[in-house]
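S.K.: Attaching a single structure in structure tokens format; questions to follow.
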Amino acid sequence: MILTASKTEESIVKWPRSLTFINSDNIVGGLVTNDPLYSRFVQAFEADPESQTTHQLAAKFAKKHHLVTRRQSTQLNSDEGQKAQKTGTALSKLLKLPQAIFLSPEDRTVAVWDRLCKGWPSLNSVTPRVIEDRLRRQSFGAADAYGDQRIYLALERAERQRFHHEGPYWYRWPEGENIADLRQRNEEWFATLLTDFSEKNLLIITDHTSILATMANIEGWSDRIFLRYRRLKQPEILAVTKYYGEPNDGREGKLLSVVFNETFWDV
């Protein structure tokens, strides 16, 4: 469903003035690890997820790292921290100071925020600054314990078959969510922006898939369009996506996309 904003009797649209999203993560459903065993597994899975080699490598990796190396606990490395600081410096010269800031609850997002502020110190003065649980990353349920959903699928044949049948958008991870679930809670959060933060410049820091979920709700994407955008361009750490509110576009106005998944730490 395409989100719409209401007008007053004076026809003033109540969209936010701008939305600037910053990606706090640079992976979709994978681990950050230097273990060569993981690289071998990924290559085998992409070549043939049904092969015995894939299953053996997955079992070996899971035994070695099970419940230890988990995606949601990965911290910023030195290079990513530098990129966050450079992004803050660049955006301080390009954007107005936001009037409210929303962060997803993961430690990694908070770490990105801290380094952004080193490059753009004025961000520290912005209130409100909201830790928003509805911006948390997609829950992969039982598969989260494996760190990488591909390892889970390689070891759980029945779930792998269901994933193949239902597809990556509609497949709901056991005890977790599918993309439609993510979009639903994201839409609930976005509704608060229309009522409480209309005509404000907002900064949102969360993961790439959650950013895509917001875009999908704004644009009214189908499941196929969502997956096409997710494949369109590999998400970069600290990539920026931006919308402007345009009150004179159409009967109700709309949010217009002006930047998608662009980095500013390299300018």
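Labels for the structure tokens follow display order: chains A, B, ..., residues from 1 in each chain, ligands from 1.
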Range 107-153 of chain A near range 231-245 of chain A within 12 Å: what's each residue's closest atom pair and its distance in Å to one decimal, counting only C-alpha atoms, ordered by chain then ascending residue number, as a tab-separated table?

M.R.:
```
residue	atom	partner	partner_atom	distance
A:Arg108	CA	A:Ile237	CA	11.2
A:Thr109	CA	A:Leu238	CA	10.3
A:Ala111	CA	A:Leu238	CA	11.8
A:Val112	CA	A:Leu238	CA	8.2
A:Trp113	CA	A:Leu238	CA	10.4
A:Arg115	CA	A:Leu238	CA	10.9
A:Leu116	CA	A:Leu238	CA	9.5
```

S.K.: Generate a file of the selected residues that holds C-alpha atoms, formatted as a tab-separated table (two decimals), in the first residue's frame.

M.R.:
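Resulting contents of part-v5.tsv:
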```
chain	number	residue	atom	x	y	z
A	108	ARG	CA	26.42	-1.57	15.62
A	109	THR	CA	24.01	1.25	14.76
A	111	ALA	CA	28.57	2.70	17.12
A	112	VAL	CA	27.94	4.19	13.66
A	113	TRP	CA	26.13	7.08	15.33
A	115	ARG	CA	31.52	7.94	14.81
A	116	LEU	CA	29.20	10.09	12.69
```

S.K.: Show which residues sit within 12 Å of Leu135 in chain A, as an MDAnalysis selection string. Count only C-alpha atoms, and ignore same-chain residues fewer than 4 positions away.

M.R.: chainID A and resid 21 23:24 102:106 109 130:131 139 182:190 204:214

S.K.: Generate a file of the selected residues that holds C-alpha atoms, formatted as a short mmCIF file (atom, residue, chain, number, x, y, z; two decimals), in the first residue's frame.

M.R.:
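What ended up in part22.cif:
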```
data_model
loop_
_atom_site.label_atom_id
_atom_site.label_comp_id
_atom_site.auth_asym_id
_atom_site.auth_seq_id
_atom_site.Cartn_x
_atom_site.Cartn_y
_atom_site.Cartn_z
CA PHE A 21 18.72 7.21 5.79
CA ASN A 23 22.97 2.21 6.28
CA SER A 24 24.62 0.86 9.43
CA PHE A 102 16.02 7.69 14.83
CA LEU A 103 18.39 4.79 15.50
CA SER A 104 17.72 1.07 15.29
CA PRO A 105 18.52 -0.66 18.61
CA GLU A 106 21.55 -2.71 17.50
CA THR A 109 24.01 1.25 14.76
CA VAL A 130 15.01 8.00 19.50
CA ILE A 131 16.15 4.38 19.80
CA SER A 139 14.48 -11.37 12.70
CA LEU A 182 9.28 -6.30 8.38
CA ARG A 183 7.34 -3.92 6.16
CA GLN A 184 4.31 -4.07 8.46
CA ARG A 185 6.14 -2.97 11.61
CA ASN A 186 8.12 -0.45 9.57
CA GLU A 187 4.85 1.04 8.31
CA GLU A 188 3.62 1.35 11.90
CA TRP A 189 6.75 3.33 12.75
CA PHE A 190 6.44 5.50 9.64
CA ILE A 204 17.42 7.60 10.32
CA ILE A 205 20.23 5.09 10.90
CA THR A 206 19.38 1.43 10.40
CA ASP A 207 20.25 -1.57 8.22
CA HIS A 208 19.88 -1.74 4.44
CA THR A 209 16.90 -4.12 4.40
CA SER A 210 14.96 -1.91 6.82
CA ILE A 211 15.71 1.09 4.61
CA LEU A 212 14.38 -0.84 1.62
CA ALA A 213 11.26 -1.73 3.63
CA THR A 214 10.58 1.98 4.20
#
```

S.K.: What's the separation between CA of Leu193 in chain A and CA of Thr89 in chain A, in Å to one decimal place?

M.R.: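 CA of Thr89 in chain A lies at a distance of 26.3 Å from CA of Leu193 in chain A.
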
S.K.: Please compute the CA of Lys254 in chain A-CA of Asp181 in chain A distance, one decimal, in Å.

M.R.: 24.1 Å

S.K.: Can you work out which one of A:Trp265, A:Tyr38, A:Phe260, A:Phe197 has the shortest atom-to-atom distance to Thr20 in chain A, counting only C-alpha atoms?

M.R.: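 The closest residue to Thr20 in chain A is A:Phe260.
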
S.K.: CA of Arg228 in chain A and CA of His165 in chain A are how many Å apart?

M.R.: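 Separation between CA of Arg228 in chain A and CA of His165 in chain A: 18.2 Å.
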
S.K.: Given the choices A:His65, A:Phe163, A:Ala58, A:Gly88, which gets closest to Leu203 in chain A if the distance is worked out from only C-alpha atoms?

M.R.: A:Gly88

S.K.: Write out as a CSV table (one decimal) with C-alpha atoms, in the first residue's frame the residues lying within 9 Å of Leu255 in chain A, counting only C-alpha atoms and excluding same-chain residues fewer than 4 positions away.

M.R.:
```
chain,number,residue,atom,x,y,z
A,15,TRP,CA,5.0,14.9,5.0
A,16,PRO,CA,8.4,15.1,6.7
A,17,ARG,CA,10.4,17.8,4.9
A,18,SER,CA,13.2,15.3,4.3
A,19,LEU,CA,14.3,11.8,5.3
A,218,ILE,CA,6.6,4.8,0.4
A,219,GLU,CA,6.6,3.7,-3.2
A,243,TYR,CA,13.8,11.6,0.2
A,244,TYR,CA,12.4,15.1,0.0
A,245,GLY,CA,8.8,16.0,0.8
A,246,GLU,CA,7.1,17.7,-2.2
A,247,PRO,CA,3.7,19.2,-1.2
A,249,ASP,CA,3.3,16.9,-6.4
```

S.K.: Point out the residue among A:Arg40, A:Lys200, A:Arg137, A:Arg129 with the least atom-to-atom distance to Asp25 in chain A, counting only C-alpha atoms.

M.R.: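 Answer, going by the shortest atom-to-atom distance: A:Arg137.
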
S.K.: Taking the DSSP secondary structure from the backbone, can you list the residues of range 38-158 of chain A that are alpha helix (DSSP H), as a compact mmCIF listing (two decimals) with N, CA and C atoms, in the first residue's frame?

M.R.:
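Everything below was put into out.txt:
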```
# COMPACT_ATOMS: atom_id res chain seq x y z
N TYR A 38 34.57 -20.30 6.19
CA TYR A 38 33.33 -19.62 5.81
C TYR A 38 33.33 -19.28 4.32
N SER A 39 34.45 -18.79 3.81
CA SER A 39 34.54 -18.46 2.39
C SER A 39 34.33 -19.70 1.53
N ARG A 40 34.90 -20.82 1.96
CA ARG A 40 34.72 -22.08 1.22
C ARG A 40 33.25 -22.50 1.23
N PHE A 41 32.60 -22.34 2.38
CA PHE A 41 31.19 -22.70 2.47
C PHE A 41 30.34 -21.84 1.53
N VAL A 42 30.56 -20.52 1.54
CA VAL A 42 29.77 -19.62 0.70
C VAL A 42 29.91 -20.00 -0.77
N GLN A 43 31.13 -20.28 -1.20
CA GLN A 43 31.36 -20.68 -2.59
C GLN A 43 30.61 -21.97 -2.91
N ALA A 44 30.66 -22.93 -1.99
CA ALA A 44 29.97 -24.21 -2.22
C ALA A 44 28.46 -24.02 -2.24
N PHE A 45 27.94 -23.19 -1.34
CA PHE A 45 26.49 -22.97 -1.28
C PHE A 45 25.99 -22.31 -2.55
N GLU A 46 26.72 -21.31 -3.03
CA GLU A 46 26.29 -20.61 -4.23
C GLU A 46 26.38 -21.51 -5.46
N ALA A 47 27.33 -22.45 -5.45
CA ALA A 47 27.46 -23.37 -6.58
C ALA A 47 26.36 -24.43 -6.55
N GLN A 52 26.70 -32.48 -1.06
CA GLN A 52 27.23 -33.03 0.19
C GLN A 52 28.36 -32.15 0.72
N THR A 53 29.16 -31.60 -0.18
CA THR A 53 30.25 -30.71 0.24
C THR A 53 29.71 -29.49 0.97
N THR A 54 28.64 -28.91 0.44
CA THR A 54 28.02 -27.75 1.09
C THR A 54 27.56 -28.11 2.49
N HIS A 55 26.89 -29.24 2.63
CA HIS A 55 26.38 -29.67 3.94
C HIS A 55 27.52 -29.91 4.91
N GLN A 56 28.58 -30.55 4.46
CA GLN A 56 29.72 -30.85 5.34
C GLN A 56 30.41 -29.58 5.81
N LEU A 57 30.61 -28.63 4.90
CA LEU A 57 31.25 -27.37 5.28
C LEU A 57 30.37 -26.59 6.25
N ALA A 58 29.06 -26.60 6.02
CA ALA A 58 28.14 -25.90 6.92
C ALA A 58 28.18 -26.52 8.31
N ALA A 59 28.16 -27.84 8.38
CA ALA A 59 28.20 -28.53 9.67
C ALA A 59 29.50 -28.25 10.40
N LYS A 60 30.59 -28.23 9.67
CA LYS A 60 31.89 -27.98 10.28
C LYS A 60 31.98 -26.55 10.82
N PHE A 61 31.48 -25.61 10.04
CA PHE A 61 31.52 -24.21 10.48
C PHE A 61 30.58 -23.99 11.67
N ALA A 62 29.39 -24.57 11.61
CA ALA A 62 28.43 -24.41 12.71
C ALA A 62 28.98 -24.98 14.01
N LYS A 63 29.66 -26.12 13.93
CA LYS A 63 30.25 -26.72 15.12
C LYS A 63 31.34 -25.83 15.69
N LYS A 64 32.08 -25.18 14.82
CA LYS A 64 33.19 -24.34 15.24
C LYS A 64 32.73 -23.01 15.83
N HIS A 65 31.65 -22.45 15.28
CA HIS A 65 31.24 -21.09 15.65
C HIS A 65 29.83 -21.00 16.22
N SER A 78 38.03 -0.77 12.30
CA SER A 78 38.69 0.53 12.22
C SER A 78 38.35 1.25 10.92
N ASP A 79 38.36 0.50 9.81
CA ASP A 79 38.07 1.12 8.51
C ASP A 79 36.64 1.64 8.45
N GLU A 80 35.69 0.86 8.98
CA GLU A 80 34.30 1.30 8.97
C GLU A 80 34.10 2.52 9.86
N GLY A 81 34.81 2.56 10.98
CA GLY A 81 34.73 3.72 11.85
C GLY A 81 35.21 4.98 11.17
N GLN A 82 36.30 4.86 10.41
CA GLN A 82 36.81 6.01 9.65
C GLN A 82 35.81 6.45 8.60
N LYS A 83 35.17 5.49 7.94
CA LYS A 83 34.17 5.83 6.93
C LYS A 83 32.98 6.56 7.56
N ALA A 84 32.58 6.12 8.75
CA ALA A 84 31.47 6.78 9.44
C ALA A 84 31.83 8.22 9.77
N GLN A 85 33.04 8.44 10.25
CA GLN A 85 33.46 9.80 10.60
C GLN A 85 33.54 10.68 9.35
N LYS A 86 34.09 10.13 8.27
CA LYS A 86 34.17 10.90 7.02
C LYS A 86 32.78 11.20 6.46
N THR A 87 31.86 10.25 6.62
CA THR A 87 30.50 10.49 6.17
C THR A 87 29.87 11.63 6.95
N GLY A 88 30.08 11.64 8.27
CA GLY A 88 29.57 12.73 9.08
C GLY A 88 30.11 14.07 8.64
N THR A 89 31.40 14.14 8.36
CA THR A 89 32.02 15.39 7.91
C THR A 89 31.41 15.85 6.59
N ALA A 90 31.26 14.90 5.65
CA ALA A 90 30.71 15.25 4.34
C ALA A 90 29.26 15.72 4.44
N LEU A 91 28.45 15.01 5.23
CA LEU A 91 27.04 15.38 5.33
C LEU A 91 26.85 16.70 6.06
N SER A 92 27.76 17.03 6.96
CA SER A 92 27.65 18.31 7.68
C SER A 92 27.73 19.50 6.73
N LYS A 93 28.35 19.28 5.57
CA LYS A 93 28.50 20.35 4.57
C LYS A 93 27.38 20.33 3.54
N LEU A 94 26.60 19.25 3.52
CA LEU A 94 25.58 19.08 2.49
C LEU A 94 24.16 19.17 3.01
N ASP A 107 23.69 -2.58 18.63
CA ASP A 107 24.92 -1.94 19.08
C ASP A 107 25.70 -1.35 17.91
N ARG A 108 25.68 -2.04 16.79
CA ARG A 108 26.42 -1.57 15.62
C ARG A 108 25.90 -0.21 15.15
N THR A 109 24.59 -0.03 15.17
CA THR A 109 24.01 1.25 14.76
C THR A 109 24.44 2.37 15.70
N VAL A 110 24.44 2.08 16.99
CA VAL A 110 24.87 3.09 17.96
C VAL A 110 26.34 3.45 17.75
N ALA A 111 27.16 2.44 17.40
CA ALA A 111 28.57 2.70 17.12
C ALA A 111 28.73 3.58 15.88
N VAL A 112 27.92 3.33 14.85
CA VAL A 112 27.94 4.19 13.66
C VAL A 112 27.57 5.61 14.05
N TRP A 113 26.56 5.76 14.87
CA TRP A 113 26.13 7.08 15.33
C TRP A 113 27.27 7.81 16.04
N ASP A 114 27.95 7.12 16.94
CA ASP A 114 29.04 7.75 17.69
C ASP A 114 30.12 8.28 16.75
N ARG A 115 30.47 7.50 15.72
CA ARG A 115 31.52 7.94 14.81
C ARG A 115 31.03 9.03 13.86
N LEU A 116 29.75 9.00 13.48
CA LEU A 116 29.20 10.09 12.69
C LEU A 116 29.34 11.42 13.41
N CYS A 117 29.09 11.38 14.72
CA CYS A 117 29.15 12.60 15.51
C CYS A 117 30.57 13.17 15.59
N LYS A 118 31.57 12.33 15.48
CA LYS A 118 32.94 12.83 15.47
C LYS A 118 33.20 13.67 14.22
N GLY A 119 32.55 13.31 13.12
CA GLY A 119 32.68 14.09 11.90
C GLY A 119 31.69 15.24 11.81
N GLN A 149 22.17 -17.19 7.42
CA GLN A 149 20.98 -17.95 7.06
C GLN A 149 21.30 -19.08 6.07
N ARG A 150 22.35 -18.90 5.27
CA ARG A 150 22.72 -19.95 4.32
C ARG A 150 23.21 -21.21 5.05
N ILE A 151 23.90 -21.03 6.17
CA ILE A 151 24.33 -22.18 6.95
C ILE A 151 23.11 -22.92 7.49
N TYR A 152 22.16 -22.17 7.99
CA TYR A 152 20.92 -22.78 8.49
C TYR A 152 20.22 -23.57 7.38
N LEU A 153 20.08 -22.96 6.21
CA LEU A 153 19.39 -23.62 5.11
C LEU A 153 20.16 -24.84 4.60
N ALA A 154 21.49 -24.77 4.66
CA ALA A 154 22.29 -25.92 4.22
C ALA A 154 22.11 -27.11 5.15
N LEU A 155 21.86 -26.84 6.43
CA LEU A 155 21.74 -27.91 7.42
C LEU A 155 20.30 -28.39 7.60
N ARG A 157 17.23 -29.29 5.64
CA ARG A 157 16.76 -29.56 4.28
C ARG A 157 15.30 -29.16 4.08
N ALA A 158 14.44 -29.46 5.04
CA ALA A 158 13.02 -29.14 4.88
C ALA A 158 12.81 -27.64 4.76
```

S.K.: What parts of range 42-238 of chain A does DSSP call strand (DSSP E or B)? I'd like the answer as a ChimeraX atom specification.

M.R.: /A:100-103,129-131,201-206

S.K.: Could you write those residues out with N, CA and C atoms, as a PDB file, in the first residue's frame?

M.R.:
```
ATOM      1  N   ALA A 100      15.238  15.698  14.225  1.00  0.00           N
ATOM      2  CA  ALA A 100      15.021  14.495  15.034  1.00  0.00           C
ATOM      3  C   ALA A 100      15.844  13.375  14.409  1.00  0.00           C
ATOM      4  N   ILE A 101      16.273  12.437  15.250  1.00  0.00           N
ATOM      5  CA  ILE A 101      17.125  11.338  14.801  1.00  0.00           C
ATOM      6  C   ILE A 101      16.548  10.030  15.326  1.00  0.00           C
ATOM      7  N   PHE A 102      16.501   9.017  14.463  1.00  0.00           N
ATOM      8  CA  PHE A 102      16.018   7.691  14.830  1.00  0.00           C
ATOM      9  C   PHE A 102      17.121   6.674  14.593  1.00  0.00           C
ATOM     10  N   LEU A 103      17.374   5.832  15.595  1.00  0.00           N
ATOM     11  CA  LEU A 103      18.388   4.788  15.501  1.00  0.00           C
ATOM     12  C   LEU A 103      17.741   3.433  15.742  1.00  0.00           C
ATOM     13  N   ARG A 129      16.344  12.251  20.098  1.00  0.00           N
ATOM     14  CA  ARG A 129      17.108  11.156  19.497  1.00  0.00           C
ATOM     15  C   ARG A 129      16.489   9.865  20.020  1.00  0.00           C
ATOM     16  N   VAL A 130      15.875   9.115  19.122  1.00  0.00           N
ATOM     17  CA  VAL A 130      15.014   7.997  19.505  1.00  0.00           C
ATOM     18  C   VAL A 130      15.663   6.671  19.127  1.00  0.00           C
ATOM     19  N   ILE A 131      15.796   5.772  20.098  1.00  0.00           N
ATOM     20  CA  ILE A 131      16.152   4.385  19.803  1.00  0.00           C
ATOM     21  C   ILE A 131      14.843   3.667  19.486  1.00  0.00           C
ATOM     22  N   ASN A 201      13.059  17.805   9.187  1.00  0.00           N
ATOM     23  CA  ASN A 201      14.187  17.118   8.567  1.00  0.00           C
ATOM     24  C   ASN A 201      14.633  16.003   9.509  1.00  0.00           C
ATOM     25  N   LEU A 202      14.599  14.765   9.033  1.00  0.00           N
ATOM     26  CA  LEU A 202      14.835  13.608   9.888  1.00  0.00           C
ATOM     27  C   LEU A 202      16.030  12.805   9.404  1.00  0.00           C
ATOM     28  N   LEU A 203      16.789  12.262  10.359  1.00  0.00           N
ATOM     29  CA  LEU A 203      17.911  11.372  10.078  1.00  0.00           C
ATOM     30  C   LEU A 203      17.598  10.013  10.679  1.00  0.00           C
ATOM     31  N   ILE A 204      17.724   8.959   9.874  1.00  0.00           N
ATOM     32  CA  ILE A 204      17.418   7.599  10.319  1.00  0.00           C
ATOM     33  C   ILE A 204      18.614   6.710  10.036  1.00  0.00           C
ATOM     34  N   ILE A 205      19.095   5.993  11.058  1.00  0.00           N
ATOM     35  CA  ILE A 205      20.232   5.086  10.897  1.00  0.00           C
ATOM     36  C   ILE A 205      19.758   3.676  11.218  1.00  0.00           C
ATOM     37  N   THR A 206      19.824   2.809  10.231  1.00  0.00           N
ATOM     38  CA  THR A 206      19.381   1.429  10.396  1.00  0.00           C
ATOM     39  C   THR A 206      20.022   0.582   9.299  1.00  0.00           C
TER      40      THR A 206
END
```

S.K.: Measuring atom to atom with only C-alpha atoms, identify which of A:Val126, A:Ala142, A:Leu37, A:Ala180 is nearest to Trp221 in chain A.

M.R.: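 Closest residue, counting only C-alpha atoms: A:Ala180.
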